[in-house]
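Undergrad: Structure below; questions to follow.
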Amino acid sequence: MLFGVTLMKYLKWLLLFIPVSITADAIHLSKSLVFLTVCLSIIPLAAVIGTATEQISLYTGSKVGGLISATMSNVPELLIGFFAVKAGFYNIVLASMAGSMLGNILLVLGVSIFLGGLKRKYQSFDKTIARSNFILLLFAATSIIIPFALKYAIRGSDRVNLNDGLTATSFSIAVILLITYIAGLVFSLVTHRNIFVRQEDREEQNEQPDWSLSKAIIVLLSAAFFVAVESEMLVDTIEFVTKSYGLPEVFMGIILIPLLGNVAENVSAILMAVKNKVDICIEIAVGSSIQIALFVAPLLILASFILGNPMIYVYDMFEVVAILAAIGLSLFIFQDGKTNWLEGVVLLGCYVLLGVAFFFI
């Protein structure tokens with residue numbers, strides 16, 4: 001049975017929070033209650049989107065299905081980010097993108113290889129596939145370093161020149177990241193597709209969908225619509241919740257928002273590692289980070305330009321350090337083509353340490 005269909009059996013009851021959250025917002029109940037119910041409703045909606053795209057891919061084939069999955073799996077983060085950009089919460093937007101990358105390459109991979117390694121001395125994977133993914137991730141890190149370095153390189157110059165330079169650099173980065181993302185899709189789905197075809201893919205070609213194509217499309221569009229509704233309410237309540245409970249905006253973006261939008265992918269990656277399918281686990285976790293950095297981030301930057309209030313793509317110093325440390329640590333761990341449970345503990349320890357530090361920023 002497909003993972004998405006199985007997961008939905010456990011999450012479907014959380015869909016009841018969709019009408020609850022909408023009603024709570026409409027009759028102006030406590031914003032804390034609205035925030036809680038919205039969070040609980042986005043989790044199953046993210047899983048529904050994952051299930052629908054999985055069903056559609058069985059009709060379209062792996063190439064088109066891979067493109068649909070790459071696009072739609074980040075709909076929750078994209079919509080939450082869009083409404084946050086619209087509201088001018090740029091700190092939360094940047095923090096949520098950083099949090100998605102940190103969560104995937106530290107928390108998800110950490111839990112995955114720890115649990116997967118408990119019953120095995122080590123787990124092996126294809127170094128070629130991992131290297132291709134980490135190359136794009138390192139490029140994403142480069143795109144973060146350049147505007148950060150530029151800010152400090154010209155900070156002593158005229159303020160107008162600084163703003164103009166960072167604005168132009170942010171726009172250029174957005175365009176280049178999108179082009180690189182598209183090139184990466186062409187590489188993995190077309191020109192070098194044979195490198196990325198796993199035995200599991202060949203076995204799944206004979207798998208029959210549980211839904212009709214029309215049902216899958218309708219469910220996908222409906223879930224995306226409700227994610228948009230819930231995302232707008234979430235953004236409307238974030239400022240109240242952070243001030244009322246003394247939670248830093250950066251902490252909310254780093255920890256909470258990424259977990260809401262990635263629950264289905266996170267669980268899927270962990271289960272793949274437990275089943276000793278580390279290649280798939282890496283593709284899900286690292287691939288999701290790549291999509292955030294090369295697809296979601298540039299779209300949100302361009303959206304801010306269209307809305308007339310450009311978002312400067314500059315992370316603060318600690319976010320840059322955290323991202324570089326996470327990518328460097330994970331790259332070192334996955335360079336030799338095998339993992340063990342201790343390496344999972346190291347990744348998890350790094351995530352917890354960064355989480356504690358972010359709470360005090």
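Naming scheme: A, B, ... for chains in displayed order of the structure tokens; residues 1 onward per chain; ligands 1 onward as shown.
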Could you produce a table of the residues of range 31-128 of chain A lying within 9 Å of range 347-351 of chain A, with the nearest pair of atoms per residue and their separation in Å rounded to one decimal, using only C-alpha atoms, ordered by chain and increasing residue number, as JSON lines?
TA:
```
{"residue": "A:Leu102", "atom": "CA", "partner": "A:Tyr351", "partner_atom": "CA", "distance": 7.3}
{"residue": "A:Gly103", "atom": "CA", "partner": "A:Tyr351", "partner_atom": "CA", "distance": 7.4}
{"residue": "A:Ile105", "atom": "CA", "partner": "A:Leu347", "partner_atom": "CA", "distance": 8.0}
{"residue": "A:Leu106", "atom": "CA", "partner": "A:Leu347", "partner_atom": "CA", "distance": 4.9}
{"residue": "A:Leu107", "atom": "CA", "partner": "A:Leu348", "partner_atom": "CA", "distance": 5.5}
{"residue": "A:Val108", "atom": "CA", "partner": "A:Leu348", "partner_atom": "CA", "distance": 8.5}
{"residue": "A:Leu109", "atom": "CA", "partner": "A:Leu347", "partner_atom": "CA", "distance": 7.4}
{"residue": "A:Gly110", "atom": "CA", "partner": "A:Leu347", "partner_atom": "CA", "distance": 4.9}
{"residue": "A:Val111", "atom": "CA", "partner": "A:Leu348", "partner_atom": "CA", "distance": 6.9}
{"residue": "A:Phe114", "atom": "CA", "partner": "A:Leu348", "partner_atom": "CA", "distance": 8.9}
```
Undergrad: Applying 12 Å and only C-alpha atoms, which residues near Ile135 in chain A remain after dropping the ones on its own chain fewer than 2 positions away? List them as a PDB file with N, CA and C atoms, in the first residue's frame.
TA:
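Just written: part-v9.pdb:
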```pdb
ATOM      1  N   LYS A 127      26.648   6.881  -3.550  1.00  0.00           N
ATOM      2  CA  LYS A 127      27.358   8.142  -3.352  1.00  0.00           C
ATOM      3  C   LYS A 127      27.136   9.115  -4.504  1.00  0.00           C
ATOM      4  N   THR A 128      26.890   8.604  -5.707  1.00  0.00           N
ATOM      5  CA  THR A 128      26.686   9.479  -6.865  1.00  0.00           C
ATOM      6  C   THR A 128      25.426  10.320  -6.701  1.00  0.00           C
ATOM      7  N   ILE A 129      24.334   9.668  -6.271  1.00  0.00           N
ATOM      8  CA  ILE A 129      23.077  10.388  -6.059  1.00  0.00           C
ATOM      9  C   ILE A 129      23.223  11.401  -4.930  1.00  0.00           C
ATOM     10  N   ALA A 130      23.854  10.964  -3.831  1.00  0.00           N
ATOM     11  CA  ALA A 130      24.050  11.864  -2.696  1.00  0.00           C
ATOM     12  C   ALA A 130      24.905  13.062  -3.092  1.00  0.00           C
ATOM     13  N   ARG A 131      25.961  12.826  -3.877  1.00  0.00           N
ATOM     14  CA  ARG A 131      26.845  13.915  -4.297  1.00  0.00           C
ATOM     15  C   ARG A 131      26.090  14.936  -5.150  1.00  0.00           C
ATOM     16  N   SER A 132      25.238  14.457  -6.056  1.00  0.00           N
ATOM     17  CA  SER A 132      24.463  15.363  -6.910  1.00  0.00           C
ATOM     18  C   SER A 132      23.557  16.259  -6.069  1.00  0.00           C
ATOM     19  N   ASN A 133      22.932  15.683  -5.052  1.00  0.00           N
ATOM     20  CA  ASN A 133      22.056  16.466  -4.180  1.00  0.00           C
ATOM     21  C   ASN A 133      22.841  17.481  -3.350  1.00  0.00           C
ATOM     22  N   LEU A 137      22.911  21.656  -2.842  1.00  0.00           N
ATOM     23  CA  LEU A 137      22.757  22.220  -1.506  1.00  0.00           C
ATOM     24  C   LEU A 137      23.916  23.176  -1.192  1.00  0.00           C
ATOM     25  N   LEU A 138      25.116  22.828  -1.623  1.00  0.00           N
ATOM     26  CA  LEU A 138      26.260  23.711  -1.419  1.00  0.00           C
ATOM     27  C   LEU A 138      26.117  24.994  -2.237  1.00  0.00           C
ATOM     28  N   PHE A 139      25.527  24.869  -3.431  1.00  0.00           N
ATOM     29  CA  PHE A 139      25.279  26.070  -4.232  1.00  0.00           C
ATOM     30  C   PHE A 139      24.267  26.971  -3.525  1.00  0.00           C
ATOM     31  N   ALA A 140      23.261  26.354  -2.913  1.00  0.00           N
ATOM     32  CA  ALA A 140      22.280  27.131  -2.145  1.00  0.00           C
ATOM     33  C   ALA A 140      22.966  27.856  -0.996  1.00  0.00           C
ATOM     34  N   ALA A 141      23.930  27.191  -0.351  1.00  0.00           N
ATOM     35  CA  ALA A 141      24.675  27.830   0.730  1.00  0.00           C
ATOM     36  C   ALA A 141      25.484  29.013   0.201  1.00  0.00           C
ATOM     37  N   THR A 142      26.047  28.861  -0.996  1.00  0.00           N
ATOM     38  CA  THR A 142      26.800  29.957  -1.616  1.00  0.00           C
ATOM     39  C   THR A 142      25.919  31.169  -1.863  1.00  0.00           C
ATOM     40  N   THR A 180      18.756  27.473 -11.880  1.00  0.00           N
ATOM     41  CA  THR A 180      19.510  26.307 -11.410  1.00  0.00           C
ATOM     42  C   THR A 180      18.571  25.182 -10.993  1.00  0.00           C
ATOM     43  N   TYR A 181      17.462  25.542 -10.366  1.00  0.00           N
ATOM     44  CA  TYR A 181      16.484  24.530  -9.955  1.00  0.00           C
ATOM     45  C   TYR A 181      15.915  23.802 -11.168  1.00  0.00           C
ATOM     46  N   GLY A 184      18.467  21.542 -12.572  1.00  0.00           N
ATOM     47  CA  GLY A 184      18.575  20.331 -11.757  1.00  0.00           C
ATOM     48  C   GLY A 184      17.483  19.326 -12.063  1.00  0.00           C
ATOM     49  N   VAL A 286      17.234  15.726   1.701  1.00  0.00           N
ATOM     50  CA  VAL A 286      18.109  16.714   1.067  1.00  0.00           C
ATOM     51  C   VAL A 286      17.382  17.371  -0.101  1.00  0.00           C
ATOM     52  N   GLY A 287      16.601  16.568  -0.851  1.00  0.00           N
ATOM     53  CA  GLY A 287      15.844  17.123  -1.970  1.00  0.00           C
ATOM     54  C   GLY A 287      14.859  18.191  -1.519  1.00  0.00           C
ATOM     55  N   ILE A 290      16.748  21.340  -0.916  1.00  0.00           N
ATOM     56  CA  ILE A 290      17.093  21.953  -2.197  1.00  0.00           C
ATOM     57  C   ILE A 290      15.900  22.708  -2.768  1.00  0.00           C
ATOM     58  N   ILE A 327      25.128  21.997   6.851  1.00  0.00           N
ATOM     59  CA  ILE A 327      25.491  21.436   5.542  1.00  0.00           C
ATOM     60  C   ILE A 327      26.869  20.795   5.602  1.00  0.00           C
ATOM     61  N   GLY A 328      27.810  21.468   6.255  1.00  0.00           N
ATOM     62  CA  GLY A 328      29.159  20.915   6.357  1.00  0.00           C
ATOM     63  C   GLY A 328      29.192  19.600   7.123  1.00  0.00           C
ATOM     64  N   LEU A 331      27.386  16.857   5.038  1.00  0.00           N
ATOM     65  CA  LEU A 331      28.205  16.485   3.881  1.00  0.00           C
ATOM     66  C   LEU A 331      29.340  15.557   4.297  1.00  0.00           C
ATOM     67  N   GLN A 335      29.693  11.469   3.015  1.00  0.00           N
ATOM     68  CA  GLN A 335      30.669  11.431   1.933  1.00  0.00           C
ATOM     69  C   GLN A 335      31.172  10.031   1.606  1.00  0.00           C
TER      70      GLN A 335
END
```
Undergrad: Can you tell me, as a list in words, what residues are no more than 10 Å from Ser170 in chain A when counting only C-alpha atoms, ignoring any on the same chain fewer than 5 positions away?
TA: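 In the requested format, the answer is Ser143, Ile144, Ile146, Pro147, Asp164, Gly165, Val175, Ile176, Pro298, Ile301, Leu302, Phe305, Pro310, Met311, Ile312, Tyr313 and Val314 of chain A.
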Undergrad: With a distance cut-off of 12 Å and only C-alpha atoms, select the neighbouring residues of Glu239 in chain A, excluding the residue or stretch itself and same-chain residues fewer than 2 positions from it, and output the selection as a list in words.
TA: Lys31, Ser32, Phe35, Ala84, Ala87, Gly88, Phe89, Asn91, Ile92, Met233, Leu234, Val235, Asp236, Thr237, Val241, Thr242, Lys243, Ser244, Tyr245, Gly246, Leu247, Pro248, Glu249, Val250, Met252 and Gly253 of chain A
Undergrad: Put those residues in a file: N, CA and C atoms, as a CSV table (one decimal), in the first residue's frame.
TA:
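out_20.csv, freshly written:
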```
chain,number,residue,atom,x,y,z
A,31,LYS,N,-7.1,34.4,19.6
A,31,LYS,CA,-6.1,34.2,18.6
A,31,LYS,C,-5.2,33.0,18.9
A,32,SER,N,-5.0,32.8,20.1
A,32,SER,CA,-4.2,31.6,20.5
A,32,SER,C,-4.9,30.3,20.1
A,35,PHE,N,-4.7,30.0,16.3
A,35,PHE,CA,-3.4,29.6,16.0
A,35,PHE,C,-3.2,28.1,16.2
A,84,ALA,N,3.2,35.7,4.6
A,84,ALA,CA,4.1,36.3,5.5
A,84,ALA,C,4.8,37.5,4.8
A,87,ALA,N,2.5,40.3,4.5
A,87,ALA,CA,2.3,41.0,5.7
A,87,ALA,C,3.6,41.7,6.2
A,88,GLY,N,4.7,41.5,5.4
A,88,GLY,CA,5.9,42.2,5.8
A,88,GLY,C,6.7,41.5,6.9
A,89,PHE,N,6.4,40.2,7.2
A,89,PHE,CA,7.1,39.5,8.2
A,89,PHE,C,8.4,38.8,7.6
A,91,ASN,N,11.5,38.5,8.6
A,91,ASN,CA,12.3,37.8,9.5
A,91,ASN,C,11.7,36.3,9.6
A,92,ILE,N,10.4,36.2,9.7
A,92,ILE,CA,9.8,34.9,9.8
A,92,ILE,C,10.0,34.1,8.5
A,233,MET,N,-4.6,32.7,7.9
A,233,MET,CA,-5.0,32.8,9.3
A,233,MET,C,-3.8,32.6,10.2
A,234,LEU,N,-2.9,31.7,9.8
A,234,LEU,CA,-1.7,31.4,10.6
A,234,LEU,C,-0.8,32.7,10.7
A,235,VAL,N,-0.6,33.3,9.6
A,235,VAL,CA,0.2,34.5,9.6
A,235,VAL,C,-0.4,35.7,10.4
A,236,ASP,N,-1.8,35.7,10.3
A,236,ASP,CA,-2.5,36.8,11.0
A,236,ASP,C,-2.3,36.6,12.6
A,237,THR,N,-2.1,35.4,13.0
A,237,THR,CA,-2.0,35.1,14.5
A,237,THR,C,-0.6,35.0,15.0
A,241,VAL,N,0.7,35.7,19.0
A,241,VAL,CA,1.2,34.5,19.7
A,241,VAL,C,2.7,34.8,20.2
A,242,THR,N,3.5,35.3,19.3
A,242,THR,CA,4.9,35.6,19.7
A,242,THR,C,5.0,36.6,20.8
A,243,LYS,N,4.2,37.6,20.8
A,243,LYS,CA,4.2,38.7,21.8
A,243,LYS,C,3.6,38.2,23.1
A,244,SER,N,2.5,37.4,23.0
A,244,SER,CA,1.7,37.0,24.2
A,244,SER,C,2.5,35.9,25.0
A,245,TYR,N,3.2,35.1,24.3
A,245,TYR,CA,3.9,34.0,25.0
A,245,TYR,C,5.5,34.2,25.0
A,246,GLY,N,5.9,35.3,24.6
A,246,GLY,CA,7.3,35.6,24.6
A,246,GLY,C,8.2,34.7,23.7
A,247,LEU,N,7.6,34.2,22.6
A,247,LEU,CA,8.4,33.4,21.7
A,247,LEU,C,9.0,34.2,20.6
A,248,PRO,N,10.3,34.1,20.4
A,248,PRO,CA,11.0,34.9,19.4
A,248,PRO,C,10.4,34.5,18.0
A,249,GLU,N,10.3,35.5,17.1
A,249,GLU,CA,9.8,35.2,15.7
A,249,GLU,C,10.7,34.3,15.0
A,250,VAL,N,12.0,34.5,15.2
A,250,VAL,CA,13.0,33.6,14.5
A,250,VAL,C,12.8,32.2,15.0
A,252,MET,N,10.0,30.7,16.0
A,252,MET,CA,8.8,30.2,15.4
A,252,MET,C,9.1,29.8,13.9
A,253,GLY,N,9.8,30.6,13.2
A,253,GLY,CA,10.2,30.3,11.8
A,253,GLY,C,11.1,29.2,11.7
```
Undergrad: Between CA of Asp279 in chain A and CA of Ile254 in chain A, what is the distance, to one decimal in Å?
TA: 26.1 Å
